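What follows is a set of notes on a single structure, which appears directly below.
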Amino acid sequence: MDHDWGKVKRFEQEFALFVGAEDALAVSSCTAALHLSLLALGIGPGDGVITSPLTFCSGVHVIEHVGARPVFADVEPGTLGLDPAGLEPAIRRAKREFGARVKAIIAVHLYGHPCDLDALQQVAVDHNLAIIEDAAHCLPGKYKGRMIGSMYRSAIVPWFTCFSFYATKNLTTAEGGMLIANEEWLEMARRWALHGLDRDAWKRYGPEGAWGYEVLCPGFKYNLTDIQAALGMHQLRKLPDFHARRRQIAHRYNTAFARCRALELPVEHEDIEHAWHIYALRLKTDQLTISRNQFIDQLGSRNIGASVHFIPAHLHAFYRKKYGNRPDDFPIAYGAYQRLVSLPLFPGMQDQDVDDVVESVTKLLNAGTCAPGLHTPDPVPSQAEIGPNASTAPAIAKVLRRGFDVTCAMLLLFLLAPLFAVIALLIKLNNGGPVFYLQPRVGKNFKIFSVLKFRTMVRGADQKGLLTPGHDSRVTRVGRFLRKFRFDELPQLINVLKGEMHLVGARPEVERYVSLFREQYALLLRDAPGMTDPATLAFRHEADLFKAETLEEQYVSEILPRKLELSLDYSRKRCFASDALVLFRTILALVN
Ligand SMILES: *Cc1c(COP(=O)(O)O)cnc(C)c1O
């Protein structure tokens with residue numbers, strides 16, 4: 001158990017500083033942070049915890065985990081955050097119907113808009129409740145000039161703030177979270193977060209020597225790891241820029257949709273800073289001929305990934321059955337849910353991406369409105385619509401590209417056949433074993449396929465390390481030579497023939513990294529990956545950039561984001577001629 005907590009501690013301190021707190025506890029998820037808050041408060045069977053039904057299910061599950069009862073209260077129609085006016089009736093109902101003593105409020109800052117915290121605290125004071133902020137969406141956010149994460153400092157009830165660093169969140173460590181509270185509560189949570197170990201007793205060289213520790217409660221294993229902390233610190237530095245970009249995009253949407261009468265735009269109060277995690281529209285379905293679900297499907301068929309946040313928790317089978325909830329029990333949440341559509345929003349989106357979304361949405365509205373003219377913007381017809389053969393042009397481009405891929409791949413395979421034979425022979429002579437190596441990668445529309453490579457590592461090499469530094473002992477002598485000239489990738493010409501890859505396109509990645517950058521890949525993988533593209537060319541010596549100790553950290557925090565930027569940039573403007581040029585440049589780079 002002799003961990004090096006250095007990076008985690010540093011991340012906690014940097015994060016605390018960022019949100020204006022004195023200290024913070026890094027944990028494995030926001031769900032863990034919420035759970036720890038309830039544990040620290042000693043909430044358990046017989047207790048009730050108020051929360052909004054319009055949230056992610058894990059924020060309700062934690063109440064079940066401690067054996068308490070979720071007490072749903074409806075949201076207010078503007079921000080869709082908990083409605084303070086609904087709390088007193090919910091507390092009374094919990095008492096009367098289930099005999100539950102309500103002990104805490106979980107306030108979900110939905111989409112990144114802080115709840116009305118002053119009003120919530122007023123009720124908390126009156127009824128002796130703690131407040132737990134679910135700030136999974138709200139980083140960075142402000143309420144009346146104060147950072148979300150610093151509210152506990154002026155609070156007069158026990159106060160906890162929980163952040164999420166899940167892959168899709170505003171700051172990500174792939175999985176992770178942070179808990180903030182005053183020192184006393186945080187100490188309690190810290191104990192629950194790591195096996196119930198007493199931190200003071202768990203100092204090396206205590207009375208029992210290096211191995212002594214005391215267990216004070218049956219705690220959980222909720223710690224963040226070093227590599228995640230390293231990612232987190234890196235992300236934290238970029239957070240202000242990310243946030244500025246999110247706000248810009250949200251406002252670009254707001255401006256574009258302002259005149260669409262069939263849309264209800266997200267609410268943004270004046271005394272708050274919105275973290276813009278999610279841009280959620282509400283459709284005025286009474287003015288549309290298509291349903292919300294059809295609307296989302298049709299956006300999907302235009303390659304726009306829209307979604308719904310969230311299916312209200314009280315509608316899920318478990319809660320419905322256990323507590324007999326009816327949809328209409330929380331009419332505002334339920335009514336909103338039926339009309340919600342979240343549009344893509346992430347800092348890597350270019351203005352052009354945002355405009356594509358706007359164009360698709362407005363086109364759909366125009367096609368799907370009850371009476372012509374009811375909806376609004378008079379969108380300027382796009383070039384594609386007025387151009388000749390507009391609808392057949394993309395189909396022709398597709399056929400051309402496929403033709404280009406197949407012709408070039410066949411030609412290259414034919415020309416390279418002697419080289420393939422020599423390489424196969426060398427691999428066999430070097431250490432026997434199979435000539436080829438298959439690795440699962442994420443392809444078009446996130447479908448997994450196997451990329452084909454010449455084997456460059458010793459047989460049965462540990463493939464756990466996904467990255468390979470310049471000098472890796474698993475790489476054979478022949479392998480080193482193949483990698484140096486990138487010959488190991490040549491068999492992917494067969495992937496191209498099979499239609500799983502293009503010649504020119506973003507490199508296919510392993511699932512683990514795709515899930516870290518899901519938003520970017522959602523754009524890139526509308527198309528099959530490729531053997532080469534400008535990002536591949538720019539980073540063709542990437543193995544040399546790796547320092548073995550910080551391999552993954554460096555790849556994920558520096559190299560991959562940059563590659564994705566280049567790939568996305570290229571994918572937007574690629575055409576037949578530019579593809580041919582990239583291919584030519586790649587061949588030049590190979591023979592040089
Ligand atoms: C994502 C999310 C969570 C859970 O966060 P994890 O870090 O994945 O546990 C909780 N609440 C809300 C509102 C979320 O969106």
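Residues are referred to by chain and number: the chain letter is A, B, ... according to the order shown in the structure tokens, the number counts from 1 in that chain, and ligands are numbered separately from 1 in the order shown.
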To check your reading of the model: which residues sit at most 8 Å from ligand 1 when counting only C-alpha atoms and all ligand atoms? Write the answer as a count of residues only.
28
Identify all residues of region 280-374 of chain A in strand (DSSP E) (DSSP on the backbone) and supply them as a ChimeraX atom specification.
/A:280-283,340-343
Might you pull out every residue within 7 Å of region 487-490 of chain A, with only C-alpha atoms counted and same-chain residues fewer than 3 positions away left off, and present them as JSON, numbers by chain?
{"A": [453, 454, 482, 483, 493]}
When you count only C-alpha atoms, which of these residues is closest to Val496 (chain A): A:Leu345, A:Ala26, A:Met188, A:Leu412?
A:Leu412
Within 10 Å of Leu25 (chain A), counting only C-alpha atoms, which residues show up once you throw out same-chain ones fewer than 2 positions away? Write them as a ChimeraX atom specification, please.
/A:8-9,11-13,15-16,23,27,33,162,177-181,186-187,189-190,193,223-224
Which residues of region 208-261 of chain A sit at most 12 Å from region 361-366 of chain A, using only C-alpha atoms? Give each one's shortest atom pair and distance in Å (one decimal place), in chain and ascending residue order, as JSON lines.
```
{"residue": "A:Tyr253", "atom": "CA", "partner": "A:Val361", "partner_atom": "CA", "distance": 10.4}
{"residue": "A:Ala256", "atom": "CA", "partner": "A:Thr362", "partner_atom": "CA", "distance": 9.0}
{"residue": "A:Phe257", "atom": "CA", "partner": "A:Thr362", "partner_atom": "CA", "distance": 8.0}
{"residue": "A:Ala258", "atom": "CA", "partner": "A:Thr362", "partner_atom": "CA", "distance": 11.2}
{"residue": "A:Arg259", "atom": "CA", "partner": "A:Thr362", "partner_atom": "CA", "distance": 10.3}
{"residue": "A:Cys260", "atom": "CA", "partner": "A:Thr362", "partner_atom": "CA", "distance": 7.9}
{"residue": "A:Arg261", "atom": "CA", "partner": "A:Leu365", "partner_atom": "CA", "distance": 9.5}
```
Those same residues - all heavy atoms - I'd like them written as an mmCIF file, in the first residue's frame.
```
data_model
loop_
_atom_site.group_PDB
_atom_site.id
_atom_site.type_symbol
_atom_site.label_atom_id
_atom_site.label_comp_id
_atom_site.auth_asym_id
_atom_site.auth_seq_id
_atom_site.Cartn_x
_atom_site.Cartn_y
_atom_site.Cartn_z
ATOM 1 N N TYR A 253 -25.406 29.066 -30.963
ATOM 2 C CA TYR A 253 -26.683 28.355 -31.101
ATOM 3 C C TYR A 253 -27.849 29.284 -30.728
ATOM 4 O O TYR A 253 -28.836 29.387 -31.447
ATOM 5 C CB TYR A 253 -26.728 27.143 -30.156
ATOM 6 C CG TYR A 253 -26.052 25.887 -30.643
ATOM 7 C CD1 TYR A 253 -25.387 25.050 -29.740
ATOM 8 C CD2 TYR A 253 -26.114 25.486 -31.972
ATOM 9 C CE1 TYR A 253 -24.786 23.866 -30.146
ATOM 10 C CE2 TYR A 253 -25.513 24.297 -32.387
ATOM 11 C CZ TYR A 253 -24.847 23.495 -31.467
ATOM 12 O OH TYR A 253 -24.271 22.324 -31.872
ATOM 13 N N ALA A 256 -28.574 31.749 -33.367
ATOM 14 C CA ALA A 256 -29.122 31.132 -34.579
ATOM 15 C C ALA A 256 -30.567 30.684 -34.386
ATOM 16 O O ALA A 256 -31.365 30.730 -35.325
ATOM 17 C CB ALA A 256 -28.251 29.945 -34.981
ATOM 18 N N PHE A 257 -30.904 30.271 -33.171
ATOM 19 C CA PHE A 257 -32.243 29.708 -32.946
ATOM 20 C C PHE A 257 -33.224 30.726 -32.366
ATOM 21 O O PHE A 257 -34.383 30.395 -32.116
ATOM 22 C CB PHE A 257 -32.167 28.511 -31.995
ATOM 23 C CG PHE A 257 -31.353 27.359 -32.527
ATOM 24 C CD1 PHE A 257 -30.481 26.669 -31.696
ATOM 25 C CD2 PHE A 257 -31.464 26.971 -33.858
ATOM 26 C CE1 PHE A 257 -29.730 25.608 -32.182
ATOM 27 C CE2 PHE A 257 -30.711 25.908 -34.353
ATOM 28 C CZ PHE A 257 -29.843 25.225 -33.517
ATOM 29 N N ALA A 258 -32.732 31.941 -32.136
ATOM 30 C CA ALA A 258 -33.557 32.916 -31.410
ATOM 31 C C ALA A 258 -34.923 33.109 -32.066
ATOM 32 O O ALA A 258 -35.916 33.332 -31.377
ATOM 33 C CB ALA A 258 -32.825 34.244 -31.302
ATOM 34 N N ARG A 259 -34.978 33.021 -33.380
ATOM 35 C CA ARG A 259 -36.233 33.316 -34.055
ATOM 36 C C ARG A 259 -37.025 32.054 -34.405
ATOM 37 O O ARG A 259 -38.051 32.136 -35.071
ATOM 38 C CB ARG A 259 -35.949 34.146 -35.303
ATOM 39 C CG ARG A 259 -35.514 35.577 -34.944
ATOM 40 C CD ARG A 259 -34.946 36.326 -36.137
ATOM 41 N NE ARG A 259 -35.895 36.442 -37.237
ATOM 42 C CZ ARG A 259 -35.649 36.042 -38.483
ATOM 43 N NH1 ARG A 259 -34.493 35.493 -38.784
ATOM 44 N NH2 ARG A 259 -36.549 36.185 -39.427
ATOM 45 N N CYS A 260 -36.549 30.898 -33.969
ATOM 46 C CA CYS A 260 -37.290 29.668 -34.247
ATOM 47 C C CYS A 260 -38.408 29.521 -33.235
ATOM 48 O O CYS A 260 -38.154 29.235 -32.066
ATOM 49 C CB CYS A 260 -36.370 28.446 -34.152
ATOM 50 S SG CYS A 260 -35.050 28.469 -35.345
ATOM 51 N N ARG A 261 -39.629 29.696 -33.710
ATOM 52 C CA ARG A 261 -40.728 29.691 -32.739
ATOM 53 C C ARG A 261 -41.046 28.298 -32.213
ATOM 54 O O ARG A 261 -41.727 28.164 -31.214
ATOM 55 C CB ARG A 261 -41.966 30.338 -33.358
ATOM 56 C CG ARG A 261 -41.992 31.830 -33.051
ATOM 57 C CD ARG A 261 -43.288 32.440 -33.486
ATOM 58 N NE ARG A 261 -43.205 32.877 -34.883
ATOM 59 C CZ ARG A 261 -44.269 33.090 -35.643
ATOM 60 N NH1 ARG A 261 -45.474 32.846 -35.180
ATOM 61 N NH2 ARG A 261 -44.126 33.516 -36.885
#
```
Hey, what's within 10 Å of Glu14 (chain A) if we count only C-alpha atoms and toss same-chain stuff fewer than 5 positions away? As an mmCIF file with C-alpha atoms, in the first residue's frame, please?
```
data_model
loop_
_atom_site.group_PDB
_atom_site.id
_atom_site.type_symbol
_atom_site.label_atom_id
_atom_site.label_comp_id
_atom_site.auth_asym_id
_atom_site.auth_seq_id
_atom_site.Cartn_x
_atom_site.Cartn_y
_atom_site.Cartn_z
ATOM 1 C CA VAL A 8 -3.093 13.089 -6.628
ATOM 2 C CA LYS A 9 -2.357 15.524 -3.803
ATOM 3 C CA VAL A 19 -12.696 26.591 -7.518
ATOM 4 C CA GLY A 20 -11.777 28.669 -4.476
ATOM 5 C CA ALA A 21 -11.806 25.869 -1.911
ATOM 6 C CA ASP A 23 -8.954 21.432 0.066
ATOM 7 C CA ALA A 24 -10.496 18.706 -2.047
ATOM 8 C CA GLY A 232 -6.536 16.238 -14.634
ATOM 9 C CA MET A 233 -3.839 18.812 -13.971
ATOM 10 C CA LEU A 236 -7.314 22.042 -15.564
ATOM 11 C CA ARG A 237 -4.865 24.347 -17.275
#
```
Can you list, as number ranges by chain, every protein, DNA or RNA residue that comes within 10 Å of Gly433 (chain A) when you count only C-alpha atoms, leaving out same-chain residues fewer than 3 positions away?
A: 427-430, 436, 455, 458-460
